[in-house]
$ cat protein21.cif   # mmCIF, C-alpha atoms
data_final
#
loop_
_atom_site.label_atom_id
_atom_site.label_comp_id
_atom_site.auth_asym_id
_atom_site.auth_seq_id
_atom_site.Cartn_x
_atom_site.Cartn_y
_atom_site.Cartn_z
CA MET A 1 -47.54 -3.71 1.13
CA ARG A 2 -45.72 -3.98 -2.20
CA ASP A 3 -48.45 -2.07 -4.06
CA LYS A 4 -48.54 1.04 -1.89
CA ARG A 5 -46.35 3.14 0.31
CA PRO A 6 -46.41 1.88 3.92
CA THR A 7 -48.09 4.22 6.41
CA ILE A 8 -48.02 4.76 10.17
CA SER A 9 -51.28 2.76 10.34
CA ASP A 10 -49.56 -0.21 8.68
CA ILE A 11 -46.75 -0.05 11.22
CA ALA A 12 -49.24 0.24 14.11
CA LYS A 13 -51.15 -2.82 12.90
CA ALA A 14 -47.98 -4.90 12.52
CA ALA A 15 -46.70 -3.81 15.95
CA GLY A 16 -50.06 -4.18 17.75
CA VAL A 17 -49.98 -0.61 19.09
CA SER A 18 -51.86 2.62 18.42
CA THR A 19 -50.91 5.05 15.66
CA GLY A 20 -50.15 7.59 18.37
CA ALA A 21 -47.60 5.25 19.92
CA VAL A 22 -46.01 4.74 16.50
CA SER A 23 -45.78 8.51 16.00
CA TYR A 24 -44.12 8.93 19.40
CA ALA A 25 -41.64 6.16 18.62
CA LEU A 26 -40.72 7.37 15.13
CA ASN A 27 -40.28 10.97 16.24
CA GLY A 28 -38.25 10.16 19.35
CA ARG A 29 -40.84 11.61 21.70
CA PRO A 30 -41.59 10.35 25.23
CA GLY A 31 -44.73 8.29 25.80
CA VAL A 32 -43.63 4.78 24.81
CA SER A 33 -41.22 2.31 26.35
CA GLU A 34 -37.82 1.74 24.88
CA THR A 35 -38.83 -1.83 23.99
CA THR A 36 -41.86 -0.58 22.04
CA ARG A 37 -39.77 2.11 20.37
CA ARG A 38 -37.24 -0.46 19.13
CA ARG A 39 -40.00 -2.80 17.91
CA VAL A 40 -41.72 0.03 15.99
CA MET A 41 -38.43 1.14 14.43
CA ASP A 42 -37.59 -2.41 13.37
CA ILE A 43 -41.01 -2.89 11.76
CA ALA A 44 -40.82 0.48 10.01
CA ASP A 45 -37.44 -0.46 8.60
CA ARG A 46 -38.69 -3.88 7.47
CA LEU A 47 -41.73 -2.36 5.75
CA GLY A 48 -39.60 0.25 3.98
CA TRP A 49 -41.35 3.20 5.60
CA VAL A 50 -39.89 6.68 5.02
CA PRO A 51 -41.19 9.99 6.43
CA SER A 52 -43.56 11.94 4.21
CA SER A 53 -41.87 15.04 2.81
CA ALA A 54 -45.25 16.77 2.74
CA ALA A 55 -45.79 16.01 6.42
CA ARG A 56 -42.31 17.24 7.27
CA SER A 57 -42.97 20.45 5.36
CA LEU A 58 -46.15 21.03 7.35
CA SER A 59 -44.38 20.42 10.64
CA ASP A 60 -41.18 22.43 10.16
CA GLY A 61 -41.87 24.60 7.11
CA ARG A 62 -39.05 23.01 5.12
CA ALA A 63 -39.29 21.68 1.57
CA ASN A 64 -36.04 19.73 1.96
CA ALA A 65 -35.04 20.74 -1.55
CA ILE A 66 -32.80 23.34 -3.17
CA GLY A 67 -33.24 24.66 -6.69
CA LEU A 68 -30.94 25.25 -9.66
CA VAL A 69 -32.02 26.68 -13.01
CA VAL A 70 -29.56 26.23 -15.86
CA ASP A 71 -30.33 28.91 -18.44
CA ARG A 72 -28.46 27.53 -21.42
CA PRO A 73 -29.66 26.05 -24.74
CA ALA A 74 -30.06 22.28 -24.49
CA ARG A 75 -27.67 21.77 -27.44
CA GLU A 76 -24.86 23.33 -25.37
CA LEU A 77 -25.58 21.31 -22.25
CA GLY A 78 -25.49 18.12 -24.25
CA VAL A 79 -21.79 18.52 -25.02
CA GLU A 80 -20.37 20.84 -22.35
CA PRO A 81 -18.95 18.96 -19.32
CA PHE A 82 -18.97 21.98 -16.98
CA PHE A 83 -22.52 21.59 -15.70
CA VAL A 84 -22.18 17.81 -15.43
CA GLN A 85 -19.22 18.31 -13.08
CA LEU A 86 -21.05 21.05 -11.18
CA ILE A 87 -24.16 18.91 -10.64
CA ALA A 88 -21.98 15.95 -9.63
CA GLY A 89 -20.49 18.10 -6.86
CA ILE A 90 -23.94 19.29 -5.79
CA GLN A 91 -25.29 15.76 -5.62
CA ASP A 92 -22.24 14.57 -3.71
CA ALA A 93 -22.89 17.17 -1.01
CA LEU A 94 -26.58 16.20 -0.83
CA ALA A 95 -26.05 12.44 -0.86
CA ASP A 96 -26.06 11.83 2.90
CA GLY A 97 -28.90 14.17 3.84
CA PRO A 98 -32.65 14.61 3.34
CA THR A 99 -32.34 17.51 0.89
CA ALA A 100 -32.92 16.96 -2.84
CA LEU A 101 -31.97 19.01 -5.91
CA LEU A 102 -34.75 20.48 -8.02
CA LEU A 103 -33.25 21.14 -11.47
CA GLN A 104 -34.77 23.02 -14.39
CA VAL A 105 -33.19 23.74 -17.77
CA THR A 106 -34.36 26.70 -19.84
CA ASP A 107 -33.03 29.13 -22.43
CA ASP A 108 -35.66 31.73 -21.53
CA ALA A 109 -34.72 34.31 -18.88
CA THR A 110 -38.39 35.06 -18.15
CA ALA A 111 -39.07 31.37 -17.51
CA GLU A 112 -36.16 31.24 -15.10
CA LEU A 113 -37.54 34.14 -13.05
CA GLU A 114 -40.97 32.53 -13.02
CA ALA A 115 -39.45 29.27 -11.76
CA TYR A 116 -38.06 31.03 -8.68
CA ARG A 117 -41.39 32.70 -7.99
CA ARG A 118 -43.30 29.44 -8.39
CA TRP A 119 -40.87 27.39 -6.31
CA TRP A 120 -40.86 29.87 -3.44
CA ALA A 121 -44.63 30.49 -3.45
CA GLY A 122 -45.32 26.77 -3.48
CA ARG A 123 -42.71 25.99 -0.79
CA ARG A 124 -40.99 23.65 -3.21
CA VAL A 125 -37.47 24.79 -2.31
CA ASP A 126 -35.74 26.16 0.76
CA GLY A 127 -33.18 28.08 -1.28
CA VAL A 128 -31.52 28.31 -4.70
CA LEU A 129 -28.14 28.38 -6.37
CA LEU A 130 -27.57 31.07 -9.01
CA ALA A 131 -25.17 30.20 -11.83
CA ASP A 132 -23.89 32.36 -14.69
CA LEU A 133 -24.29 35.72 -12.95
CA ARG A 134 -24.92 38.50 -15.47
CA ALA A 135 -24.34 42.23 -15.43
CA ASP A 136 -27.49 43.92 -14.04
CA ASP A 137 -28.89 40.45 -13.39
CA PRO A 138 -32.68 40.60 -12.74
CA ARG A 139 -32.48 37.42 -10.66
CA VAL A 140 -30.59 39.30 -7.95
CA ASP A 141 -33.40 41.80 -7.35
CA LEU A 142 -35.96 38.99 -7.45
CA VAL A 143 -34.35 36.79 -4.77
CA ARG A 144 -33.87 39.86 -2.60
CA GLU A 145 -37.54 40.81 -3.05
CA LEU A 146 -38.75 37.28 -2.28
CA GLY A 147 -36.38 36.79 0.65
CA LEU A 148 -35.32 33.56 -1.05
CA PRO A 149 -32.12 32.12 0.49
CA THR A 150 -29.52 32.19 -2.29
CA VAL A 151 -25.90 31.32 -2.93
CA VAL A 152 -24.30 32.77 -6.05
CA LEU A 153 -21.76 30.78 -8.03
CA ALA A 154 -19.68 33.82 -8.93
CA GLU A 155 -17.01 36.19 -7.74
CA PRO A 156 -17.91 38.28 -4.64
CA VAL A 157 -19.37 41.26 -6.51
CA LEU A 158 -22.63 41.28 -4.48
CA PRO A 159 -21.79 42.10 -0.86
CA ASP A 160 -25.20 41.07 0.55
CA LEU A 161 -25.45 37.66 -1.18
CA PRO A 162 -23.22 34.75 -0.19
CA CYS A 163 -21.12 33.33 -2.99
CA VAL A 164 -18.68 30.57 -3.84
CA TRP A 165 -15.93 31.69 -6.19
CA THR A 166 -12.71 30.59 -7.86
CA ASP A 167 -9.74 32.85 -8.57
CA ASP A 168 -10.08 33.10 -12.35
CA GLU A 169 -8.03 36.30 -12.53
CA SER A 170 -4.84 34.62 -11.36
CA ALA A 171 -5.46 31.67 -13.68
CA VAL A 172 -5.84 33.97 -16.71
CA ALA A 173 -2.60 35.76 -15.83
CA GLU A 174 -0.80 32.43 -15.45
CA VAL A 175 -1.94 31.30 -18.91
CA VAL A 176 -0.76 34.51 -20.56
CA GLU A 177 2.59 34.36 -18.74
CA TYR A 178 3.01 30.71 -19.79
CA LEU A 179 2.39 31.50 -23.46
CA VAL A 180 4.72 34.51 -23.36
CA ALA A 181 7.43 32.33 -21.83
CA LEU A 182 7.04 30.07 -24.90
CA GLY A 183 7.65 33.10 -27.13
CA HIS A 184 4.07 33.90 -28.13
CA ARG A 185 3.15 37.53 -28.72
CA ARG A 186 0.08 37.30 -30.96
CA ILE A 187 -2.53 35.78 -28.64
CA VAL A 188 -6.29 35.68 -29.17
CA ARG A 189 -8.70 34.83 -26.38
CA VAL A 190 -12.06 33.42 -27.50
CA ALA A 191 -14.36 34.39 -24.65
CA GLY A 192 -17.93 33.55 -23.75
CA PRO A 193 -20.77 36.09 -23.91
CA ASP A 194 -19.82 39.50 -22.52
CA THR A 195 -23.04 39.62 -20.48
CA PHE A 196 -21.62 37.14 -17.97
CA VAL A 197 -19.75 38.57 -14.98
CA HIS A 198 -17.14 35.81 -15.13
CA THR A 199 -16.43 36.68 -18.78
CA ARG A 200 -15.83 40.32 -17.90
CA ILE A 201 -13.56 39.40 -15.01
CA ARG A 202 -11.47 37.10 -17.20
CA SER A 203 -11.37 39.68 -20.00
CA LYS A 204 -10.12 42.35 -17.61
CA ALA A 205 -7.44 40.00 -16.28
CA PHE A 206 -6.38 39.09 -19.84
CA THR A 207 -6.11 42.74 -20.88
CA GLU A 208 -4.14 43.66 -17.76
CA ALA A 209 -1.74 40.73 -18.13
CA ALA A 210 -1.17 41.53 -21.81
CA ALA A 211 -0.43 45.18 -21.01
CA ARG A 212 1.92 44.26 -18.16
CA LEU A 213 3.85 41.90 -20.45
CA GLY A 214 3.99 44.36 -23.32
CA LEU A 215 1.76 42.44 -25.75
CA ARG A 216 0.42 44.73 -28.46
CA ASP A 217 -1.23 41.95 -30.51
CA ALA A 218 -3.28 40.31 -27.78
CA ARG A 219 -7.06 40.64 -28.15
CA ALA A 220 -10.34 38.99 -27.24
CA VAL A 221 -13.30 37.96 -29.41
CA HIS A 222 -16.60 36.54 -28.21
CA ALA A 223 -18.60 33.39 -28.94
CA ASP A 224 -21.47 31.56 -27.26
CA TYR A 225 -19.62 28.47 -25.89
CA SER A 226 -20.85 26.28 -28.76
CA ASP A 227 -18.61 24.34 -31.13
CA GLU A 228 -20.27 25.97 -34.16
CA ALA A 229 -19.57 29.53 -32.99
CA ALA A 230 -16.01 28.60 -32.01
CA ALA A 231 -15.39 27.11 -35.46
CA ARG A 232 -16.59 30.29 -37.19
CA VAL A 233 -14.48 32.57 -34.99
CA THR A 234 -11.39 30.38 -35.27
CA ARG A 235 -11.66 30.14 -39.06
CA ARG A 236 -11.97 33.92 -39.35
CA VAL A 237 -9.07 34.61 -36.99
CA LEU A 238 -6.70 32.04 -38.51
CA THR A 239 -7.28 33.20 -42.08
CA GLY A 240 -6.55 36.85 -41.28
CA ALA A 241 -3.45 38.75 -42.38
CA GLU A 242 -1.58 38.18 -39.12
CA PRO A 243 -3.03 35.06 -37.48
CA PRO A 244 -2.28 34.45 -33.80
CA THR A 245 0.36 32.00 -32.72
CA ALA A 246 -1.73 31.07 -29.65
CA MET A 247 -5.44 30.94 -28.83
CA VAL A 248 -7.12 30.61 -25.43
CA PHE A 249 -10.73 29.39 -25.24
CA ASP A 250 -13.28 29.93 -22.49
CA ASN A 251 -14.39 26.29 -22.50
CA ASP A 252 -13.20 22.89 -23.62
CA VAL A 253 -15.85 22.43 -26.35
CA MET A 254 -14.69 25.57 -28.19
CA ALA A 255 -11.05 24.53 -27.90
CA VAL A 256 -11.74 21.09 -29.39
CA SER A 257 -13.67 22.72 -32.22
CA ALA A 258 -10.74 25.08 -32.87
CA LEU A 259 -8.36 22.15 -33.04
CA ALA A 260 -10.51 20.63 -35.79
CA VAL A 261 -10.50 23.92 -37.72
CA ALA A 262 -6.72 24.14 -37.46
CA HIS A 263 -6.47 20.62 -38.93
CA GLU A 264 -8.91 21.61 -41.68
CA LEU A 265 -6.76 24.63 -42.60
CA GLY A 266 -3.54 22.64 -42.52
CA ILE A 267 -2.19 24.55 -39.53
CA PRO A 268 -0.15 22.19 -37.34
CA VAL A 269 -0.70 22.29 -33.59
CA PRO A 270 1.46 23.25 -31.75
CA ASP A 271 4.08 23.97 -34.46
CA ARG A 272 2.22 27.00 -35.83
CA LEU A 273 -0.61 27.39 -33.33
CA SER A 274 -0.80 26.70 -29.60
CA ILE A 275 -4.23 26.10 -28.04
CA VAL A 276 -5.29 26.38 -24.39
CA ALA A 277 -8.71 25.30 -23.09
CA TRP A 278 -10.54 26.59 -20.04
CA ASP A 279 -11.90 23.84 -17.75
CA ASP A 280 -10.02 20.59 -18.17
CA SER A 281 -12.14 17.57 -19.09
CA ALA A 282 -12.00 14.19 -20.78
CA LEU A 283 -12.42 16.00 -24.11
CA CYS A 284 -9.10 17.76 -23.56
CA ARG A 285 -7.31 14.53 -22.76
CA LEU A 286 -8.78 12.40 -25.56
CA VAL A 287 -8.16 14.59 -28.62
CA ARG A 288 -4.81 14.61 -30.42
CA PRO A 289 -2.80 16.52 -29.67
CA ALA A 290 -4.12 16.56 -26.12
CA LEU A 291 -5.12 20.05 -25.07
CA THR A 292 -3.32 22.16 -22.51
CA ALA A 293 -6.07 23.24 -20.11
CA VAL A 294 -6.92 25.14 -16.96
CA ARG A 295 -8.28 22.65 -14.44
CA ARG A 296 -10.75 24.32 -12.08
CA PRO A 297 -12.39 22.76 -8.98
CA ILE A 298 -15.88 22.65 -10.51
CA ALA A 299 -17.26 19.74 -8.46
CA GLU A 300 -15.75 21.26 -5.31
CA ARG A 301 -17.47 24.52 -6.15
CA GLY A 302 -20.85 22.80 -6.43
CA ALA A 303 -20.42 20.90 -3.17
CA THR A 304 -19.19 24.00 -1.32
CA ALA A 305 -22.16 26.01 -2.61
CA VAL A 306 -24.59 23.40 -1.29
CA ARG A 307 -23.03 23.36 2.16
CA LEU A 308 -23.04 27.16 2.28
CA LEU A 309 -26.68 27.34 1.15
CA LEU A 310 -27.80 24.78 3.74
CA ASP A 311 -25.97 26.78 6.39
CA VAL A 312 -27.73 29.98 5.29
CA ILE A 313 -31.10 28.21 5.27
CA GLY A 314 -30.39 27.05 8.81
CA GLY A 315 -29.77 30.63 9.97
CA GLY A 316 -26.03 30.91 9.40
CA GLU A 317 -24.39 34.20 8.46
CA PRO A 318 -24.00 34.88 4.70
CA ARG A 319 -20.36 34.82 3.64
CA HIS A 320 -18.10 34.47 0.61
CA VAL A 321 -16.17 31.21 0.22
CA LYS A 322 -13.19 30.76 -2.10
CA THR A 323 -12.46 27.32 -3.56
CA SER A 324 -9.05 25.84 -4.14
CA ASP A 325 -7.10 27.52 -6.95
CA PRO A 326 -7.20 26.52 -10.63
CA GLU A 327 -4.27 24.60 -12.07
CA LEU A 328 -2.68 24.99 -15.50
CA VAL A 329 -2.10 21.54 -17.02
CA PRO A 330 0.34 21.73 -19.96
CA ARG A 331 -0.12 19.11 -22.68
CA SER A 332 0.83 18.62 -26.32
CA SER A 333 -1.26 21.46 -27.81
CA THR A 334 1.17 24.15 -26.64
CA GLY A 335 4.82 24.66 -27.53
CA PRO A 336 7.47 27.26 -28.32
CA VAL A 337 6.56 29.68 -31.09
CA SER A 338 8.24 28.92 -34.42
CA ASP A 339 9.70 31.33 -36.99
CA GLN A 340 7.09 30.08 -39.46
CA ALA A 341 4.28 30.96 -37.05
CA LEU A 342 5.66 34.48 -36.56
CA SER A 343 5.72 35.23 -40.29
CA PRO A 344 2.68 37.23 -41.51
CA ARG A 345 0.38 35.40 -43.90
CA ARG A 346 0.80 36.52 -47.52
#

$ encode --input "protein21.cif" --output "structure tokens"
Amino acid sequence: MRDKRPTISDIAKAAGVSTGAVSYALNGRPGVSETTRRRVMDIADRLGWVPSSAARSLSDGRANAIGLVVDRPARELGVEPFFVQLIAGIQDALADGPTALLLQVTDDATAELEAYRRWWAGRRVDGVLLADLRADDPRVDLVRELGLPTVVLAEPVLPDLPCVWTDDESAVAEVVEYLVALGHRRIVRVAGPDTFVHTRIRSKAFTEAAARLGLRDARAVHADYSDEAAARVTRRVLTGAEPPTAMVFDNDVMAVSALAVAHELGIPVPDRLSIVAWDDSALCRLVRPALTAVRRPIAERGATAVRLLLDVIGGGEPRHVKTSDPELVPRSSTGPVSDQALSPRR
């Protein structure tokens, strides 16, 4: 029994009953006595028998799996904690049930679309989670065409697809208000790619907050979430004629990279430059000075998305679910603006 997976025939032989009786007992169907049912269940447990997922799929049409494609370069995923936290939340929600996560990583949009087609045609998943929603996202039309149950990890911009979202707009406004309260007027936001819906939503919130607070020197530049791109952007911005007194980054990796560039240029943080990171993580807490960060409920978002997707797969009504709100966590990388920081570079 140690060399192969135990079968119903093995259980029947050990129990001295027919395979039909074992099937009735394991599936809770009438046709066997309660004594026989208990004996069969005890033997199945002792032998380490588990139901065949293939057999279950044939009987109820379920794959007992959900899919997630992460379309990011592997070099980014190796250092960015966001997806680790997201997957931890997903796995936590799946831990007590029969459903597994089918995960694929790619930096090819065509390969991602093909994965959904292949998974659905082969009955490998019952539904999927869509991350990093883009403007005019081709995945949206595809899942609609396939009839593939889907939950989008994004703001509720698609009325017909259920989503799980976090109020990024309010968090952006809170960060800008916090920096203004410290006396900052020249603020640069280093955003992710403009193709992402969440980037556009944050950019709009940043622009609106800056206008409302009368900031004429607040602007956004874009990078690709990597430390290399953040270093290049930060170096260019900080060596300009009127460098910012505060910078806000769309992820923790970029913020840590910016801190290193500031040290390289001899710019003290926070005396001449305040830095805020999006998505709090161990990286933010371990560097010196520790980074002020926006802590978002990433694991909660993953777990909530799983529960919503399983509900939709089971026939529940599609709906939009909002997570708990982000929290601004002030640390040593932000402080009041100094007269030295306000002076234009000569």

$ resolve_selection --input "protein21.cif" --expression "the PyMOL selection byres ((chain A and resi 61-67) around 12)" --output "ChimeraX atom specification"
/A:51-60,68-70,87,90-91,93-94,97-105,112,115-131,148-151,305-310,312-314

$ axis_aligned_box --input "protein21.cif" --around "region 148-167 of chain A" --padding-each-side "5 Å" --output "lines of an AutoDock Vina configuration file"
center_x = -22.5
center_y = 36.3
center_z = -4.2
size_x = 35.6
size_y = 21.5
size_z = 19.5

$ resolve_selection --input "protein21.cif" --expression "the PyMOL selection byres ((chain A and resi 109) around 12)" --output "list in words"
Val69, Val70, Asp71, Arg72, Pro73, Val105, Thr106, Asp107, Asp108, Thr110, Ala111, Glu112, Leu113, Glu114, Ala115, Tyr116, Asp132, Arg134, Asp137, Pro138 and Arg139 of chain A

$ resolve_selection --input "protein21.cif" --expression "the PyMOL selection byres ((chain A and resi 286-296) around 7)" --output "number ranges by chain"
A: 275-280, 282-285, 297-298, 326-334

$ atom_distance --input "protein21.cif" --atom1 "CA of His222 (chain A)" --atom2 "CA of Asp194 (chain A)"
7.2 Å

$ closest_residue --input "protein21.cif" --among "A:Ala260, A:Val32, A:Val40, A:Ala230" --to "Val190 (chain A)" --atoms "only C-alpha atoms"
A:Ala230

$ atom_distance --input "protein21.cif" --atom1 "CA of Ile201 (chain A)" --atom2 "CA of Tyr225 (chain A)"
16.6 Å
